[in-house]
$ cat final.cif   # mmCIF, C-alpha atoms and all ligand atoms
data_entry
#
loop_
_atom_site.label_atom_id
_atom_site.label_comp_id
_atom_site.auth_asym_id
_atom_site.auth_seq_id
_atom_site.Cartn_x
_atom_site.Cartn_y
_atom_site.Cartn_z
CA MET H 1 0.00 0.00 0.00
CA SER H 2 1.18 3.53 -0.74
CA THR H 3 2.73 5.55 2.04
CA ALA H 4 2.46 8.86 0.18
CA PRO H 5 1.79 11.39 2.92
CA ARG H 6 -1.69 12.79 3.43
CA VAL H 7 -1.98 16.28 4.90
CA VAL H 8 -4.79 17.51 7.15
CA VAL H 9 -4.78 21.18 8.16
CA HIS H 10 -6.72 22.51 11.15
CA ARG H 11 -7.52 26.10 12.06
CA ASP H 12 -5.17 26.37 15.06
CA LYS H 13 -3.10 24.24 17.38
CA GLU H 14 -5.90 23.73 19.92
CA LEU H 15 -8.27 22.38 17.28
CA MET H 16 -5.48 20.30 15.81
CA ALA H 17 -4.82 18.70 19.21
CA GLN H 18 -8.53 18.00 19.79
CA ALA H 19 -9.04 16.54 16.30
CA ALA H 20 -5.89 14.41 16.58
CA ALA H 21 -7.03 13.16 20.01
CA ALA H 22 -10.42 12.20 18.55
CA ARG H 23 -8.68 10.44 15.67
CA LEU H 24 -6.44 8.55 18.10
CA ILE H 25 -9.37 7.42 20.25
CA THR H 26 -11.08 6.03 17.14
CA ARG H 27 -7.95 4.27 15.98
CA ILE H 28 -7.37 2.65 19.40
CA VAL H 29 -11.01 1.61 19.78
CA ASP H 30 -10.99 0.07 16.28
CA ALA H 31 -7.77 -1.85 16.97
CA GLN H 32 -9.11 -3.12 20.29
CA ALA H 33 -12.37 -4.20 18.64
CA THR H 34 -10.44 -6.08 15.94
CA ARG H 35 -7.51 -7.57 17.85
CA GLY H 36 -8.39 -7.12 21.50
CA GLU H 37 -5.54 -4.69 22.12
CA ALA H 38 -3.78 -1.67 20.65
CA SER H 39 -0.26 -0.37 20.52
CA VAL H 40 0.67 3.32 20.28
CA VAL H 41 4.00 5.14 20.20
CA LEU H 42 3.97 8.53 21.92
CA THR H 43 6.03 11.57 21.05
CA GLY H 44 7.31 14.28 23.32
CA GLY H 45 7.30 17.98 22.56
CA ARG H 46 4.61 20.65 22.53
CA ASN H 47 2.31 19.05 20.01
CA GLY H 48 2.54 15.55 21.43
CA ASN H 49 1.75 16.82 24.91
CA GLY H 50 -1.03 19.04 23.55
CA LEU H 51 -2.63 15.98 21.99
CA LEU H 52 -2.40 14.02 25.25
CA ALA H 53 -3.94 16.89 27.21
CA ALA H 54 -6.78 17.10 24.66
CA LEU H 55 -7.29 13.35 24.99
CA ALA H 56 -7.47 13.68 28.78
CA ALA H 57 -10.22 16.30 28.36
CA ALA H 58 -12.21 14.35 25.75
CA PRO H 59 -15.37 12.65 27.09
CA ALA H 60 -14.86 9.91 24.47
CA ARG H 61 -11.65 8.85 26.23
CA ASP H 62 -13.83 6.41 28.20
CA ALA H 63 -14.42 4.48 24.96
CA VAL H 64 -10.81 3.27 25.20
CA ASP H 65 -10.02 0.15 27.24
CA TRP H 66 -6.90 1.61 28.82
CA SER H 67 -5.94 -1.73 30.35
CA ARG H 68 -5.46 -3.23 26.88
CA LEU H 69 -3.27 -0.48 25.44
CA ASP H 70 0.50 -0.72 25.08
CA LEU H 71 2.33 2.60 25.15
CA TRP H 72 5.83 3.02 23.78
CA TRP H 73 7.96 6.11 23.19
CA GLY H 74 9.59 7.33 19.98
CA ASP H 75 12.39 9.00 21.90
CA GLU H 76 13.46 10.11 25.32
CA ARG H 77 15.64 12.79 26.78
CA PHE H 78 18.24 10.77 28.72
CA LEU H 79 17.76 12.31 32.15
CA PRO H 80 17.11 10.98 35.67
CA GLU H 81 13.78 9.35 36.54
CA GLY H 82 11.13 11.97 37.26
CA ASP H 83 13.03 14.81 35.60
CA PRO H 84 10.43 17.33 34.39
CA ASP H 85 12.06 17.40 30.94
CA ARG H 86 11.67 13.68 30.36
CA ASN H 87 9.03 12.93 27.76
CA VAL H 88 7.46 10.26 29.99
CA THR H 89 7.19 12.70 32.92
CA GLN H 90 5.35 15.18 30.71
CA ALA H 91 3.11 12.46 29.28
CA ARG H 92 2.19 11.29 32.78
CA GLU H 93 1.19 14.83 33.73
CA ALA H 94 -0.77 15.42 30.52
CA LEU H 95 -2.70 12.12 30.47
CA LEU H 96 -1.23 8.91 31.79
CA ASP H 97 -1.80 9.56 35.50
CA ALA H 98 -5.49 10.20 34.77
CA VAL H 99 -6.39 6.92 33.02
CA PRO H 100 -6.40 3.29 34.23
CA LEU H 101 -3.44 1.95 32.24
CA ASP H 102 -1.84 -1.39 33.01
CA PRO H 103 1.62 -0.34 34.32
CA LYS H 104 3.13 -3.43 32.65
CA ARG H 105 2.02 -2.02 29.29
CA VAL H 106 3.59 1.41 29.81
CA HIS H 107 7.01 0.97 28.22
CA ALA H 108 8.96 4.07 29.22
CA MET H 109 12.49 4.36 27.88
CA PRO H 110 15.19 3.97 30.56
CA ALA H 111 16.35 6.94 32.62
CA SER H 112 19.97 7.99 33.06
CA ASP H 113 19.92 6.86 36.71
CA GLY H 114 18.27 3.53 35.82
CA PRO H 115 19.77 0.02 35.67
CA HIS H 116 22.07 0.96 32.76
CA GLY H 117 23.45 4.04 34.45
CA PRO H 118 24.50 6.92 32.26
CA ASP H 119 25.26 4.66 29.25
CA ALA H 120 22.70 5.72 26.62
CA ASP H 121 23.76 2.97 24.21
CA ALA H 122 23.22 0.26 26.82
CA ALA H 123 19.84 1.79 27.70
CA ALA H 124 18.91 1.89 24.00
CA ALA H 125 19.91 -1.77 23.58
CA ALA H 126 17.74 -2.71 26.57
CA TYR H 127 14.75 -0.89 25.07
CA ALA H 128 15.37 -2.68 21.74
CA GLU H 129 15.17 -5.98 23.65
CA GLU H 130 11.92 -4.94 25.31
CA LEU H 131 10.48 -4.11 21.88
CA ALA H 132 11.70 -7.37 20.38
CA ALA H 133 10.06 -9.33 23.19
CA ALA H 134 6.74 -7.82 22.09
CA GLY H 135 7.19 -8.44 18.35
CA ASP H 136 10.23 -9.15 16.24
CA PRO H 137 12.06 -6.79 15.83
CA VAL H 138 9.37 -4.38 17.03
CA PRO H 139 5.60 -4.74 17.56
CA ALA H 140 3.32 -3.71 14.69
CA PHE H 141 2.42 -0.37 16.26
CA ASP H 142 -1.07 0.78 15.34
CA VAL H 143 -0.13 4.45 15.48
CA LEU H 144 3.28 6.04 15.91
CA MET H 145 3.24 9.77 16.54
CA LEU H 146 6.12 12.15 15.88
CA GLY H 147 6.42 15.82 16.70
CA VAL H 148 8.30 17.65 13.95
CA GLY H 149 11.03 20.05 15.06
CA PRO H 150 11.76 23.33 13.26
CA ASP H 151 14.91 21.67 11.88
CA THR H 152 12.81 18.70 10.57
CA HIS H 153 13.95 16.38 13.38
CA VAL H 154 11.54 13.67 14.46
CA ALA H 155 11.92 11.57 17.63
CA SER H 156 15.62 12.25 18.37
CA LEU H 157 16.66 11.82 14.74
CA PHE H 158 18.36 15.15 14.09
CA PRO H 159 19.45 16.21 10.58
CA GLY H 160 22.84 14.79 9.67
CA LEU H 161 23.48 12.89 12.93
CA PRO H 162 24.48 9.21 12.58
CA ALA H 163 21.21 7.93 14.12
CA VAL H 164 19.33 8.99 10.96
CA ARG H 165 21.45 6.59 8.89
CA GLU H 166 20.93 3.56 11.13
CA THR H 167 19.64 0.63 9.12
CA GLU H 168 19.96 -2.32 11.53
CA ARG H 169 19.28 -1.38 15.15
CA THR H 170 15.77 -0.36 16.18
CA VAL H 171 16.85 1.90 19.06
CA VAL H 172 20.08 3.86 19.47
CA GLY H 173 21.69 6.29 21.86
CA VAL H 174 22.19 9.84 20.56
CA GLN H 175 25.04 12.11 21.62
CA ASP H 176 25.50 15.80 20.82
CA ALA H 177 21.89 16.50 19.91
CA PRO H 178 21.56 20.16 18.90
CA LYS H 179 18.49 20.54 21.16
CA PRO H 180 18.94 20.01 24.91
CA PRO H 181 19.56 17.65 26.47
CA PRO H 182 22.40 16.48 24.22
CA THR H 183 22.09 12.81 25.23
CA ARG H 184 18.97 10.99 24.13
CA ILE H 185 17.54 7.61 23.12
CA THR H 186 15.57 7.23 19.92
CA LEU H 187 13.76 4.76 17.73
CA THR H 188 15.45 4.53 14.35
CA LEU H 189 13.85 4.76 10.92
CA PRO H 190 13.54 0.94 10.55
CA ALA H 191 11.51 0.86 13.79
CA ILE H 192 9.41 3.88 12.82
CA ARG H 193 8.65 2.45 9.40
CA ALA H 194 7.34 -0.76 10.96
CA ALA H 195 4.31 1.14 12.28
CA ARG H 196 1.00 0.73 10.49
CA GLU H 197 0.34 4.46 10.69
CA VAL H 198 2.81 7.29 11.24
CA TRP H 199 1.35 10.66 12.24
CA LEU H 200 3.54 13.75 12.09
CA LEU H 201 2.36 16.66 14.22
CA ALA H 202 3.36 20.26 13.61
CA ALA H 203 1.73 23.47 14.79
CA GLY H 204 2.98 27.03 14.74
CA GLU H 205 4.82 29.29 12.38
CA ASP H 206 8.20 27.98 13.49
CA LYS H 207 7.29 24.61 11.93
CA ALA H 208 6.20 26.01 8.54
CA GLU H 209 9.58 25.77 6.85
CA ALA H 210 10.14 22.23 8.17
CA ALA H 211 6.73 21.03 6.94
CA ALA H 212 7.23 22.61 3.52
CA THR H 213 10.70 21.11 3.13
CA ALA H 214 9.72 17.62 4.27
CA LEU H 215 6.60 17.58 2.08
CA SER H 216 8.38 18.98 -0.98
CA GLY H 217 9.83 15.61 -1.88
CA THR H 218 13.27 16.51 -0.53
CA ASP H 219 14.58 13.63 1.53
CA GLY H 220 17.86 12.20 2.74
CA PRO H 221 19.47 12.35 6.17
CA ARG H 222 19.21 16.14 6.37
CA VAL H 223 15.40 15.95 6.40
CA PRO H 224 14.48 13.20 8.88
CA ALA H 225 10.76 14.07 8.84
CA ALA H 226 10.57 13.22 5.15
CA LEU H 227 11.91 9.73 5.88
CA ALA H 228 9.33 8.87 8.53
CA THR H 229 6.62 6.85 6.83
CA GLY H 230 4.06 4.28 7.92
CA ARG H 231 3.34 0.91 6.32
CA THR H 232 -0.25 1.80 5.44
CA HIS H 233 -0.63 5.52 6.18
CA THR H 234 1.57 8.55 6.66
CA LEU H 235 -0.45 11.46 7.95
CA TRP H 236 0.67 15.02 8.53
CA LEU H 237 -1.52 16.87 11.04
CA LEU H 238 -0.88 20.60 10.84
CA ASP H 239 -2.39 23.87 11.91
CA ARG H 240 -2.72 26.71 9.42
CA ALA H 241 0.45 28.42 10.65
CA ALA H 242 2.54 25.29 10.11
CA ALA H 243 0.90 24.77 6.70
CA SER H 244 1.46 28.36 5.60
CA LYS H 245 4.45 27.57 3.37
CA LEU H 246 2.96 24.54 1.63
CA PRO H 247 2.24 25.07 -2.04
CA GLY H 248 -1.38 25.33 -3.17
CA PRO H 249 -4.56 25.84 -1.16
CA SER H 250 -4.69 24.32 2.30
CA GLY H 251 -6.72 24.74 5.44
CA VAL H 252 -10.05 23.69 6.83
O1 LIG H 301 12.88 17.24 21.97
C1 LIG H 301 11.95 16.79 21.33
O2 LIG H 301 11.41 17.58 20.33
C2 LIG H 301 10.49 17.08 19.37
C3 LIG H 301 9.66 18.25 18.84
O3 LIG H 301 9.20 19.01 19.92
P1 LIG H 301 8.39 20.37 19.74
O4 LIG H 301 8.22 20.93 21.12
O5 LIG H 301 9.20 21.26 18.84
O6 LIG H 301 7.06 20.00 19.09
C4 LIG H 301 9.69 15.94 19.93
O7 LIG H 301 8.94 15.36 18.94
C5 LIG H 301 10.59 14.91 20.59
O8 LIG H 301 9.84 13.82 21.06
C6 LIG H 301 11.28 15.55 21.74
O9 LIG H 301 12.15 14.69 22.44
#
$ encode --input "final.cif" --output "structure tokens"
Amino acid sequence: MSTAPRVVVHRDKELMAQAAAARLITRIVDAQATRGEASVVLTGGRNGNGLLAALAAAPARDAVDWSRLDLWWGDERFLPEGDPDRNVTQAREALLDAVPLDPKRVHAMPASDGPHGPDADAAAAAYAEELAAAGDPVPAFDVLMLGVGPDTHVASLFPGLPAVRETERTVVGVQDAPKPPPTRITLTLPAIRAAREVWLLAAGEDKAEAAATALSGTDGPRVPAALATGRTHTLWLLDRAAASKLPGPSGV
């Protein structure tokens, strides 16, 4: 099936978050109705957290069987457990603490004071093993979400860094990231591309250039967002500001 990206533009970032949350609820409920469970990969960043907060506020959230949902992360800032800048800490605040998840199905990436200590590569290898135990080499994620950075980074795949070129490992440690903190853990493109659906989220004027570049057909390791595709669907969810540099008419 084609993975040519589809673009949906919403009026503003609040509406985008609400619409994406509604879409995610539907996708999870459908997967649970079909297979009995669902598997979602969360993203950090402003748009990912905005979506989770919108989901927490949505009455339809009760349609989800939270106990039969596996949550994974696309990347993590390699910081101590509970650090407010960790993506999992922010996700807990936005949504996870408010819904009855099965803790065994919440697969946070390791922290820098965890069992692997400050070795991001060892922590990444451990997360790769956890993924492989759920499906070889990674589970068939129903939805994998990615916030898009102004430099076109997704997860912690920053333009030009070696992680973008990884073709074998599913999770790697990242050093010298241009956005703090410099040490991170990230899914690689082979893991991302194993997802059924990949959703790229971008809101705000500072994302307009990145969205236009990634959707222009330019790819290669300098434009990680253009390389993030799903097996059945690749969906860009934008607000009007982020879509303002796309060619042709856009907007809803
Ligand atoms: O640091 C990160 O940044 C990106 C994008 O974040 P945003 O705030 O510019 O939307 C995010 O997707 C990633 O998970 C996170 O670690």
$ residues_around --input "final.cif" --residues "Phe141 (chain H)" --least-positions-apart "2" --cutoff "8 Å" --atoms "all atoms listed in the file" --output "MDAnalysis selection string"
chainID H and resid 38:41 139 143:144 194:197
$ residues_around --input "final.cif" --residues "Ala123 (chain H)" --least-positions-apart "4" --cutoff "12 Å" --atoms "all atoms listed in the file" --output "compact mmCIF listing (two decimals) with C-alpha atoms, in the coordinates of the input"
# COMPACT_ATOMS: atom_id res chain seq x y z
CA ASP H 75 12.39 9.00 21.90
CA GLU H 76 13.46 10.11 25.32
CA ARG H 77 15.64 12.79 26.78
CA PHE H 78 18.24 10.77 28.72
CA LEU H 79 17.76 12.31 32.15
CA ALA H 108 8.96 4.07 29.22
CA MET H 109 12.49 4.36 27.88
CA PRO H 110 15.19 3.97 30.56
CA ALA H 111 16.35 6.94 32.62
CA SER H 112 19.97 7.99 33.06
CA ASP H 113 19.92 6.86 36.71
CA GLY H 114 18.27 3.53 35.82
CA PRO H 115 19.77 0.02 35.67
CA HIS H 116 22.07 0.96 32.76
CA GLY H 117 23.45 4.04 34.45
CA PRO H 118 24.50 6.92 32.26
CA ASP H 119 25.26 4.66 29.25
CA TYR H 127 14.75 -0.89 25.07
CA ALA H 128 15.37 -2.68 21.74
CA GLU H 129 15.17 -5.98 23.65
CA GLU H 130 11.92 -4.94 25.31
CA VAL H 171 16.85 1.90 19.06
CA VAL H 172 20.08 3.86 19.47
CA GLY H 173 21.69 6.29 21.86
CA VAL H 174 22.19 9.84 20.56
CA THR H 183 22.09 12.81 25.23
CA ARG H 184 18.97 10.99 24.13
CA ILE H 185 17.54 7.61 23.12
CA THR H 186 15.57 7.23 19.92
$ closest_atom_pairs --input "final.cif" --of "region 47-166 of chain H" --to "region 3-23 of chain H" --cutoff "10 Å" --atoms "only C-alpha atoms" --output "tab-separated table"
residue	atom	partner	partner_atom	distance
H:Asn47	CA	H:Ala17	CA	7.2
H:Gly48	CA	H:Ala17	CA	8.3
H:Asn49	CA	H:Ala17	CA	8.9
H:Gly50	CA	H:Ala17	CA	5.8
H:Leu51	CA	H:Ala17	CA	4.5
H:Leu52	CA	H:Ala21	CA	7.0
H:Ala53	CA	H:Ala17	CA	8.2
H:Ala54	CA	H:Gln18	CA	5.3
H:Leu55	CA	H:Ala21	CA	5.0
H:Ala56	CA	H:Ala21	CA	8.8
H:Ala57	CA	H:Gln18	CA	8.9
H:Ala58	CA	H:Ala22	CA	7.7
H:Pro59	CA	H:Ala22	CA	9.9
H:Ala60	CA	H:Ala22	CA	7.7
H:Arg61	CA	H:Ala22	CA	8.5
$ write_last_selection --input "final.cif" --atoms "C-alpha atoms" --output "short mmCIF file (atom, residue, chain, number, x, y, z; two decimals), in the coordinates of the input"
data_model
loop_
_atom_site.label_atom_id
_atom_site.label_comp_id
_atom_site.auth_asym_id
_atom_site.auth_seq_id
_atom_site.Cartn_x
_atom_site.Cartn_y
_atom_site.Cartn_z
CA ASN H 47 2.31 19.05 20.01
CA GLY H 48 2.54 15.55 21.43
CA ASN H 49 1.75 16.82 24.91
CA GLY H 50 -1.03 19.04 23.55
CA LEU H 51 -2.63 15.98 21.99
CA LEU H 52 -2.40 14.02 25.25
CA ALA H 53 -3.94 16.89 27.21
CA ALA H 54 -6.78 17.10 24.66
CA LEU H 55 -7.29 13.35 24.99
CA ALA H 56 -7.47 13.68 28.78
CA ALA H 57 -10.22 16.30 28.36
CA ALA H 58 -12.21 14.35 25.75
CA PRO H 59 -15.37 12.65 27.09
CA ALA H 60 -14.86 9.91 24.47
CA ARG H 61 -11.65 8.85 26.23
#
$ atom_distance --input "final.cif" --atom1 "CA of Ala241 (chain H)" --atom2 "atom C4 of ligand LIG 301 (chain H)"
18.1 Å
$ residues_near_ligand --input "final.cif" --ligand "ligand LIG 301 (chain H)" --cutoff "6 Å" --atoms "all atoms listed in the file" --output "list in words"
Thr43, Gly44, Gly45, Arg46, Asn47, Asp75, Glu76, Arg77, Leu146, Gly147, Val148, Gly149, Val154, Ala155 and Ser156 of chain H
$ residues_near_point --input "final.cif" --point "(1.6, 19.7, 13.1)" --cutoff "7 Å" --atoms "all atoms listed in the file" --output "PyMOL selection string"
chain H and resi 47+200-203+236-239+242
$ closest_residue --input "final.cif" --among "H:Val138, H:Leu157, H:Val198, H:Met145" --to "Arg222 (chain H)" --atoms "only C-alpha atoms"
H:Leu157
$ atom_distance --input "final.cif" --atom1 "CA of Asp85 (chain H)" --atom2 "CA of Pro180 (chain H)"
9.5 Å
$ axis_aligned_box --input "final.cif" --around "region 112-131 of chain H" --padding-each-side "4 Å" --output "AutoDock Vina command-line options"
--center_x 17.9 --center_y 1.0 --center_z 29.2 --size_x 22.8 --size_y 22.0 --size_z 23.0
$ atom_distance --input "final.cif" --atom1 "CA of Lys104 (chain H)" --atom2 "CA of Val88 (chain H)"
14.6 Å
$ closest_residue --input "final.cif" --among "H:Arg165, H:Arg231, H:His153, H:Arg193" --to "Pro178 (chain H)" --atoms "all atoms listed in the file"
H:His153
$ closest_residue --input "final.cif" --among "H:Trp73, H:Gln90, H:Arg169, H:Phe158" --to "Asp121 (chain H)" --atoms "all atoms listed in the file"
H:Arg169
$ residues_around --input "final.cif" --residues "Thr167 (chain H)" --least-positions-apart "5" --cutoff "12 Å" --atoms "all atoms listed in the file" --output "PyMOL selection string"
chain H and resi 162+172+187-193
$ closest_residue --input "final.cif" --among "H:Thr170, H:Leu24, H:Thr234, H:Leu227" --to "Ala125 (chain H)" --atoms "only C-alpha atoms"
H:Thr170
$ closest_residue --input "final.cif" --among "H:Pro103, H:Asp142, H:Ala134, H:Asp97" --to "Leu42 (chain H)" --atoms "all atoms listed in the file"
H:Asp142
$ closest_residue --input "final.cif" --among "H:Pro80, H:Ala214, H:Ala163, H:Thr89" --to "Gln175 (chain H)" --atoms "all atoms listed in the file"
H:Ala163
$ decode --input "final.cif" --residues "region 196-226 of chain H" --atoms "N, CA and C atoms" --output "short mmCIF file (atom, residue, chain, number, x, y, z; two decimals), in the first residue's frame"
data_model
loop_
_atom_site.label_atom_id
_atom_site.label_comp_id
_atom_site.auth_asym_id
_atom_site.auth_seq_id
_atom_site.Cartn_x
_atom_site.Cartn_y
_atom_site.Cartn_z
N ARG H 196 2.07 0.70 11.51
CA ARG H 196 1.00 0.73 10.49
C ARG H 196 0.78 2.17 10.04
N GLU H 197 0.59 3.06 11.03
CA GLU H 197 0.34 4.46 10.69
C GLU H 197 1.36 5.34 11.39
N VAL H 198 1.92 6.28 10.65
CA VAL H 198 2.81 7.29 11.24
C VAL H 198 2.11 8.64 11.11
N TRP H 199 1.97 9.33 12.24
CA TRP H 199 1.35 10.66 12.24
C TRP H 199 2.42 11.68 12.62
N LEU H 200 2.59 12.68 11.79
CA LEU H 200 3.54 13.75 12.09
C LEU H 200 2.77 14.99 12.49
N LEU H 201 3.11 15.53 13.64
CA LEU H 201 2.36 16.66 14.22
C LEU H 201 3.21 17.92 14.16
N ALA H 202 2.62 18.99 13.64
CA ALA H 202 3.36 20.26 13.61
C ALA H 202 2.36 21.42 13.69
N ALA H 203 2.57 22.27 14.66
CA ALA H 203 1.73 23.47 14.79
C ALA H 203 2.62 24.66 15.05
N GLY H 204 2.23 25.79 14.49
CA GLY H 204 2.98 27.03 14.74
C GLY H 204 3.85 27.42 13.56
N GLU H 205 4.04 28.74 13.49
CA GLU H 205 4.82 29.29 12.38
C GLU H 205 6.23 28.74 12.31
N ASP H 206 6.81 28.46 13.49
CA ASP H 206 8.20 27.98 13.49
C ASP H 206 8.35 26.59 12.88
N LYS H 207 7.22 25.93 12.57
CA LYS H 207 7.29 24.61 11.93
C LYS H 207 6.99 24.68 10.42
N ALA H 208 6.66 25.89 9.93
CA ALA H 208 6.20 26.01 8.54
C ALA H 208 7.28 25.61 7.53
N GLU H 209 8.48 26.08 7.77
CA GLU H 209 9.58 25.77 6.85
C GLU H 209 9.86 24.25 6.85
N ALA H 210 9.86 23.67 8.05
CA ALA H 210 10.14 22.23 8.17
C ALA H 210 9.08 21.41 7.43
N ALA H 211 7.81 21.78 7.61
CA ALA H 211 6.73 21.03 6.94
C ALA H 211 6.86 21.18 5.43
N ALA H 212 7.13 22.39 4.97
CA ALA H 212 7.23 22.61 3.52
C ALA H 212 8.41 21.83 2.93
N THR H 213 9.52 21.83 3.64
CA THR H 213 10.70 21.11 3.13
C THR H 213 10.43 19.60 3.09
N ALA H 214 9.91 19.07 4.20
CA ALA H 214 9.72 17.62 4.27
C ALA H 214 8.67 17.14 3.27
N LEU H 215 7.67 17.99 3.00
CA LEU H 215 6.60 17.58 2.08
C LEU H 215 6.90 17.95 0.63
N SER H 216 8.06 18.55 0.39
CA SER H 216 8.38 18.98 -0.98
C SER H 216 8.96 17.85 -1.81
N GLY H 217 9.20 16.71 -1.15
CA GLY H 217 9.83 15.61 -1.88
C GLY H 217 11.32 15.55 -1.63
N THR H 218 11.85 16.55 -0.91
CA THR H 218 13.27 16.51 -0.53
C THR H 218 13.41 15.47 0.56
N ASP H 219 14.36 14.55 0.40
CA ASP H 219 14.58 13.63 1.53
C ASP H 219 16.07 13.47 1.76
N GLY H 220 16.46 12.38 2.38
CA GLY H 220 17.86 12.20 2.74
C GLY H 220 18.06 12.55 4.20
N PRO H 221 19.25 12.24 4.73
CA PRO H 221 19.47 12.35 6.17
C PRO H 221 19.40 13.77 6.73
N ARG H 222 19.33 14.77 5.86
CA ARG H 222 19.21 16.14 6.37
C ARG H 222 17.75 16.53 6.61
N VAL H 223 16.83 15.67 6.19
CA VAL H 223 15.40 15.95 6.40
C VAL H 223 14.72 14.71 7.00
N PRO H 224 15.01 14.44 8.28
CA PRO H 224 14.48 13.20 8.88
C PRO H 224 12.96 13.08 8.77
N ALA H 225 12.23 14.17 8.87
CA ALA H 225 10.76 14.07 8.84
C ALA H 225 10.26 13.49 7.52
N ALA H 226 11.00 13.73 6.45
CA ALA H 226 10.57 13.22 5.15
C ALA H 226 10.77 11.71 5.05
#
